[in-house]
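Peer 1: Pasting in a structure now, in structure tokens, and then I'll have a few things to ask.
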Amino acid sequence: MKIRTHLLGAALALVVCGVAAQTDRDLRDDGKSTNNVLTYGMGYNNQRYSPLAQINTKNVAKLVPVWAYSLNNTQSHESQPIVYDGVMYVTTHDATVAINPVTGKQIWKTAVELPQDVFKYACCGILNRGAAIYEGKVYRTTLDAQVVALDAKTGKQLWKSKAADYQDGHAQTGAPLVVNGVVMTGIAGGEYGTRGFIDGWDANDGKKLWRLYTTAAPGEKGGDTWPGDTASKGGAPTWLTGAYDPDLDLVYWGTGNGGPWNPQVRLGDNLYVCSVLAFRPKTGELVWHYQFSPNDPYDYDSTEVGMLVDMKINGATRKVLAQANRNGFFYVLDRANGKLLAANPYVKVNWADKIDMATGRPVESEATKKVRNGEDVEIWPSVLGGKNWTPMSWNPATGLAYANVLNMSWPYQIAKQDYKRGEWYLGMNMRGVTMPKDQPHGYLSAIDPMTGKSKWQMPWPGQPSMAGTLSTAGGLVFTGAATGEFMAVDALTGKKLWQFQTSSGIIGLPITWQQNGKQYVSIVSGAGGVWALLGDERMASVPAGGSVWTFALQP
């Protein structure tokens, strides 16, 4: 009897371990999965590519809405849904909801309790970008810089951990990344004179495991790239989600702008602003970094980390990180060591003449030298970048990256500004972007990563798109318009094959999955975000209000 009990206990232990291991394996295999969408980026590699092809170029015209769910929220909606075991999870700034993904019926909804004054400190939209899931828990961040774990079945809060003081200008909007039991989160607030960081939390109880600061303090490696104590207010926020390579055991995370925007206040390279950091998920140990825009003269955030892709270069398959940087150059890096393999403009650029392939550094143009001298200069791309925060996608069959890019400039002139806690710390004469009158203001582009050249471009009439893209084995690219149209485009030609008018503008991220052998596509609709803050009067005709839409082929 004792032997049987011992064997039963051992068997149960194996089952429990098997479940945990399978959970980690599920996350690693998310990019290959078709029944679930478990990670931000539809896979650790952040490719936003699905092998599903039931919906394809030949039948996509038969796509119809299956259901729509109201989020009961008029703020910005940039969230990417996740799907696990027949449940969809969606976040807003003030709630987390669980939905039946086939019927659209609400399963549970858990409110986020926020301080009354928190909205004073949210830079660029009242929003949240998504959740993570691991071993029965749903993880999310909040505007008052908290990390929360909820029971995936009931929505009950299991733990809550404070990352920072929101009244200093810190906020959290990004989806967490979970790797081997470590929940990783970034921080927003680069415009408030904050110091950026990435945190690692224990997935079980929310205990902080480590913190990786993204500005180097005096005495630290890279500390000599900051004058005086400027690193303590130097920005380098980390408000989007990283990617992970299980084979190399490296997490890749993008960092944002320097603070203040005026680069003359903080002369030096300012490590690690506008960089990608490669580090160990268990410890936060930095393994290598690459800085795209040293000293960051123009708020060229690199927070959208890019994609992990295996691609042929000079006849050999290389493991690379590909990023369409906000500074207008498309970079390809060896993701094992950060070596630069390619860097070419994918939009109009005048702030730098080129990227020096030997040093990896930009060769600053005469225009930038004039800006540093205090002159008023029109800079390409604008402060919104060649591509803003929304991720691109990859199609291995075409070897192309699909991104919504911007075609606009920015009248830039530096100014003096003193630091005040909890207030914007820019050091620049703030004016709106300049949009060319005789050209589209943005495009959906199919970009060759090694050259930066577009195989095709679909122009956006009127407002440019700030939506993400999704690529599928069905030869399609899904994306959305600022005016609310959700659409499918031929990945080879750029021809629009289908569209549907949703209830508000789209600035979110499409996903696809299948259940019971049927493929579905979903998008969160709800206008707002940074473009709305610029005050485009044309958006007055686009109603506010968040909703989740799901589509499938007509029976």
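By convention here, the chains of the structure tokens are called A, B, ... in the order presented, each chain's residues are numbered starting at 1, and ligands are numbered starting at 1 in the order presented.
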Taking only residues of region 33-108 of chain A that have an atom at most 12 Å from an atom of region 528-542 of chain A, what is each one's shortest atom pair and its distance in Å to one decimal, using only C-alpha atoms, in chain and number order, as a Markdown table?
Peer 2:
```
| residue | atom | partner | partner_atom | distance |
| --- | --- | --- | --- | --- |
| A:Asn73 | CA | A:Gly528 | CA | 11.5 |
| A:Thr74 | CA | A:Gly528 | CA | 8.9 |
| A:Gln75 | CA | A:Gly528 | CA | 6.6 |
| A:Ser76 | CA | A:Gly528 | CA | 4.3 |
| A:His77 | CA | A:Gly528 | CA | 7.0 |
| A:Glu78 | CA | A:Gly529 | CA | 7.7 |
| A:Ser79 | CA | A:Gly529 | CA | 11.4 |
```
Peer 1: Among region 346-461 of chain A, which ones does DSSP place in strand (DSSP E), written as a PyMOL selection string?
Peer 2: chain A and resi 352-355+362-364+377-379+393-395+400-406+410-412+442-447+454-459
Peer 1: Please determine, counting only C-alpha atoms, which residue among A:Gly328, A:Gly104, A:Gly200, A:Gly432 has the shortest atom-to-atom distance to Asp353 (chain A).
Peer 2: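 Smallest separation from Asp353 (chain A) among the options: A:Gly328.
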Peer 1: If you take only C-alpha atoms and a cut-off of 10 Å, which residues of region 193-296 of chain A touch region 126-144 of chain A, and what are their nearest atom pairs and distances in Å to one decimal, in chain and number order, as JSON lines?
Peer 2:
```
{"residue": "A:Ala203", "atom": "CA", "partner": "A:Tyr134", "partner_atom": "CA", "distance": 7.9}
{"residue": "A:Asn204", "atom": "CA", "partner": "A:Lys137", "partner_atom": "CA", "distance": 8.7}
{"residue": "A:Trp239", "atom": "CA", "partner": "A:Arg129", "partner_atom": "CA", "distance": 9.6}
{"residue": "A:Leu240", "atom": "CA", "partner": "A:Arg129", "partner_atom": "CA", "distance": 8.3}
{"residue": "A:Thr241", "atom": "CA", "partner": "A:Arg129", "partner_atom": "CA", "distance": 9.2}
```
Peer 1: Tell me, as a PyMOL selection string, which residues lie within 8 Å of Gln463 (chain A), counting only C-alpha atoms; anything in the same chain fewer than 6 positions away does not count.
Peer 2: chain A and resi 441-442+482-483+538
Peer 1: Take the residues from that selection and write them out as an mmCIF file, in the first residue's frame, keeping C-alpha atoms.
Peer 2:
```cif
data_model
loop_
_atom_site.group_PDB
_atom_site.id
_atom_site.type_symbol
_atom_site.label_atom_id
_atom_site.label_comp_id
_atom_site.auth_asym_id
_atom_site.auth_seq_id
_atom_site.Cartn_x
_atom_site.Cartn_y
_atom_site.Cartn_z
ATOM 1 C CA HIS A 441 0.657 60.951 -45.607
ATOM 2 C CA GLY A 442 1.304 57.255 -45.155
ATOM 3 C CA ALA A 482 -7.891 55.433 -38.951
ATOM 4 C CA THR A 483 -11.427 55.833 -40.274
ATOM 5 C CA ARG A 538 -10.652 65.122 -39.963
#
```
Peer 1: Write out as a list in words each polymer residue whose atoms come within 6 Å of region 380-394 of chain A, counting only C-alpha atoms; drop sequence neighbours fewer than 6 positions from it.
Peer 2: Gln47, Arg48, Tyr49, Asp299, Glu304, Arg326, Asn327, Gly328, Val347, Val349, Asn350, Ala401, Tyr402, Ala403, Val405, Leu406, Met408, Ser409, Trp410, Ala467, Gly468, Thr469, Leu470 and Ser471 of chain A
Peer 1: Could you find all residues in region 290-395 of chain A that DSSP calls alpha helix (DSSP H) from the backbone, and write them as a list of chain:residue names?
Peer 2: A:Glu366, A:Ala367, A:Thr368, A:Lys369, A:Lys370, A:Val371, A:Arg372
Peer 1: Save the residues we just selected, N, CA and C atoms, as a PDB file, in the first residue's frame?
Peer 2:
```pdb
ATOM      1  N   GLU A 366      23.854  67.798 -42.409  1.00  0.00           N
ATOM      2  CA  GLU A 366      23.952  69.236 -42.155  1.00  0.00           C
ATOM      3  C   GLU A 366      22.685  69.743 -41.466  1.00  0.00           C
ATOM      4  N   ALA A 367      21.542  69.141 -41.775  1.00  0.00           N
ATOM      5  CA  ALA A 367      20.290  69.550 -41.137  1.00  0.00           C
ATOM      6  C   ALA A 367      20.360  69.351 -39.630  1.00  0.00           C
ATOM      7  N   THR A 368      20.894  68.213 -39.195  1.00  0.00           N
ATOM      8  CA  THR A 368      20.994  67.957 -37.757  1.00  0.00           C
ATOM      9  C   THR A 368      22.014  68.881 -37.101  1.00  0.00           C
ATOM     10  N   LYS A 369      23.086  69.178 -37.785  1.00  0.00           N
ATOM     11  CA  LYS A 369      24.077  70.113 -37.233  1.00  0.00           C
ATOM     12  C   LYS A 369      23.445  71.486 -37.011  1.00  0.00           C
ATOM     13  N   LYS A 370      22.571  71.906 -37.930  1.00  0.00           N
ATOM     14  CA  LYS A 370      21.873  73.191 -37.768  1.00  0.00           C
ATOM     15  C   LYS A 370      20.934  73.148 -36.565  1.00  0.00           C
ATOM     16  N   VAL A 371      20.236  72.018 -36.392  1.00  0.00           N
ATOM     17  CA  VAL A 371      19.345  71.883 -35.242  1.00  0.00           C
ATOM     18  C   VAL A 371      20.131  71.999 -33.944  1.00  0.00           C
ATOM     19  N   ARG A 372      21.283  71.353 -33.892  1.00  0.00           N
ATOM     20  CA  ARG A 372      22.112  71.405 -32.687  1.00  0.00           C
ATOM     21  C   ARG A 372      22.594  72.827 -32.398  1.00  0.00           C
TER      22      ARG A 372
END
```
Peer 1: If I take CA of Asn295 (chain A) and CA of Val309 (chain A), how far is one from the other in Å, to one decimal?
Peer 2: 28.2 Å
Peer 1: Got a sec: who's within 9 Å of Pro411 (chain A), counting only C-alpha atoms, leaving out chain neighbours fewer than 4 positions off, as a VMD selection string?
Peer 2: chain A and resid 376 to 379 382 429 to 434
Peer 1: Would you save the residues of that selection, restricted to N, CA, C and O atoms, as a JSON list (two decimals), in the first residue's frame?
Peer 2:
```
[["chain", "number", "residue", "atom", "x", "y", "z"],
["A", 376, "ASP", "N", 15.97, 76.53, -36.74],
["A", 376, "ASP", "CA", 14.65, 75.94, -36.97],
["A", 376, "ASP", "C", 14.72, 75.18, -38.30],
["A", 376, "ASP", "O", 14.87, 75.79, -39.36],
["A", 377, "VAL", "N", 14.60, 73.85, -38.25],
["A", 377, "VAL", "CA", 14.84, 73.02, -39.43],
["A", 377, "VAL", "C", 13.71, 72.00, -39.60],
["A", 377, "VAL", "O", 13.21, 71.44, -38.63],
["A", 378, "GLU", "N", 13.33, 71.75, -40.85],
["A", 378, "GLU", "CA", 12.34, 70.72, -41.17],
["A", 378, "GLU", "C", 13.05, 69.37, -41.23],
["A", 378, "GLU", "O", 13.94, 69.16, -42.06],
["A", 379, "ILE", "N", 12.66, 68.46, -40.35],
["A", 379, "ILE", "CA", 13.35, 67.18, -40.21],
["A", 379, "ILE", "C", 12.46, 66.03, -40.68],
["A", 379, "ILE", "O", 11.29, 65.94, -40.33],
["A", 382, "SER", "N", 9.30, 62.72, -39.22],
["A", 382, "SER", "CA", 8.82, 63.55, -38.13],
["A", 382, "SER", "C", 9.06, 62.89, -36.78],
["A", 382, "SER", "O", 9.57, 61.77, -36.70],
["A", 429, "ASN", "N", 10.55, 73.52, -28.94],
["A", 429, "ASN", "CA", 9.37, 74.29, -29.33],
["A", 429, "ASN", "C", 8.39, 73.34, -29.99],
["A", 429, "ASN", "O", 8.61, 72.87, -31.10],
["A", 430, "MET", "N", 7.29, 73.08, -29.29],
["A", 430, "MET", "CA", 6.34, 72.04, -29.71],
["A", 430, "MET", "C", 5.41, 72.56, -30.81],
["A", 430, "MET", "O", 4.68, 73.53, -30.60],
["A", 431, "ARG", "N", 5.45, 71.92, -31.96],
["A", 431, "ARG", "CA", 4.54, 72.25, -33.06],
["A", 431, "ARG", "C", 4.09, 70.96, -33.73],
["A", 431, "ARG", "O", 4.65, 69.90, -33.49],
["A", 432, "GLY", "N", 3.08, 71.04, -34.57],
["A", 432, "GLY", "CA", 2.54, 69.85, -35.21],
["A", 432, "GLY", "C", 3.39, 69.36, -36.35],
["A", 432, "GLY", "O", 4.28, 70.06, -36.85],
["A", 433, "VAL", "N", 3.11, 68.13, -36.78],
["A", 433, "VAL", "CA", 3.82, 67.57, -37.92],
["A", 433, "VAL", "C", 3.42, 68.31, -39.19],
["A", 433, "VAL", "O", 2.36, 68.93, -39.27],
["A", 434, "THR", "N", 4.32, 68.26, -40.20],
["A", 434, "THR", "CA", 4.05, 68.86, -41.50],
["A", 434, "THR", "C", 3.74, 67.75, -42.49],
["A", 434, "THR", "O", 4.56, 66.84, -42.70]]
```
Peer 1: I'd like the neighbourhood of Asp24 (chain A) as a short mmCIF file (atom, residue, chain, number, x, y, z; two decimals) with N, CA and C atoms, in the first residue's frame, where a residue qualifies if any of its atoms comes within 12 Å (using only C-alpha atoms), though same-chain residues fewer than 6 positions away should be ignored.
Peer 2:
```
data_model
loop_
_atom_site.label_atom_id
_atom_site.label_comp_id
_atom_site.auth_asym_id
_atom_site.auth_seq_id
_atom_site.Cartn_x
_atom_site.Cartn_y
_atom_site.Cartn_z
N CYS A 17 4.37 18.38 -13.21
CA CYS A 17 5.53 18.92 -13.92
C CYS A 17 5.28 18.95 -15.41
N GLY A 18 4.60 17.89 -15.90
CA GLY A 18 4.31 17.86 -17.33
C GLY A 18 3.44 19.01 -17.76
N ASP A 30 4.11 29.14 -29.75
CA ASP A 30 2.95 29.96 -30.07
C ASP A 30 2.92 30.39 -31.53
N LEU A 38 -1.15 33.04 -27.72
CA LEU A 38 -0.75 33.10 -26.32
C LEU A 38 0.17 34.27 -25.98
N THR A 39 0.73 34.91 -26.99
CA THR A 39 1.73 35.95 -26.73
C THR A 39 1.45 37.20 -27.55
N TYR A 44 6.88 34.23 -29.69
CA TYR A 44 8.03 34.90 -29.08
C TYR A 44 8.83 35.70 -30.11
N ILE A 133 -0.51 35.37 -20.62
CA ILE A 133 -1.14 34.26 -19.90
C ILE A 133 -0.11 33.19 -19.62
N TYR A 134 -0.21 32.59 -18.41
CA TYR A 134 0.76 31.56 -18.02
C TYR A 134 0.21 30.81 -16.81
N GLU A 135 0.13 29.48 -16.92
CA GLU A 135 -0.25 28.60 -15.83
C GLU A 135 -1.49 29.08 -15.08
N VAL A 178 6.11 36.73 -20.74
CA VAL A 178 6.40 35.68 -19.77
C VAL A 178 7.36 34.67 -20.37
N VAL A 179 8.47 34.44 -19.70
CA VAL A 179 9.46 33.44 -20.15
C VAL A 179 9.89 32.62 -18.94
N ASN A 180 9.62 31.32 -18.97
CA ASN A 180 10.07 30.39 -17.94
C ASN A 180 9.76 30.89 -16.53
N GLY A 181 8.54 31.34 -16.33
CA GLY A 181 8.10 31.74 -15.00
C GLY A 181 8.47 33.14 -14.59
N VAL A 182 9.07 33.92 -15.49
CA VAL A 182 9.40 35.32 -15.20
C VAL A 182 8.49 36.21 -16.03
N PRO A 246 14.35 31.31 -27.64
CA PRO A 246 14.61 30.23 -26.68
C PRO A 246 15.95 29.54 -26.92
#
```
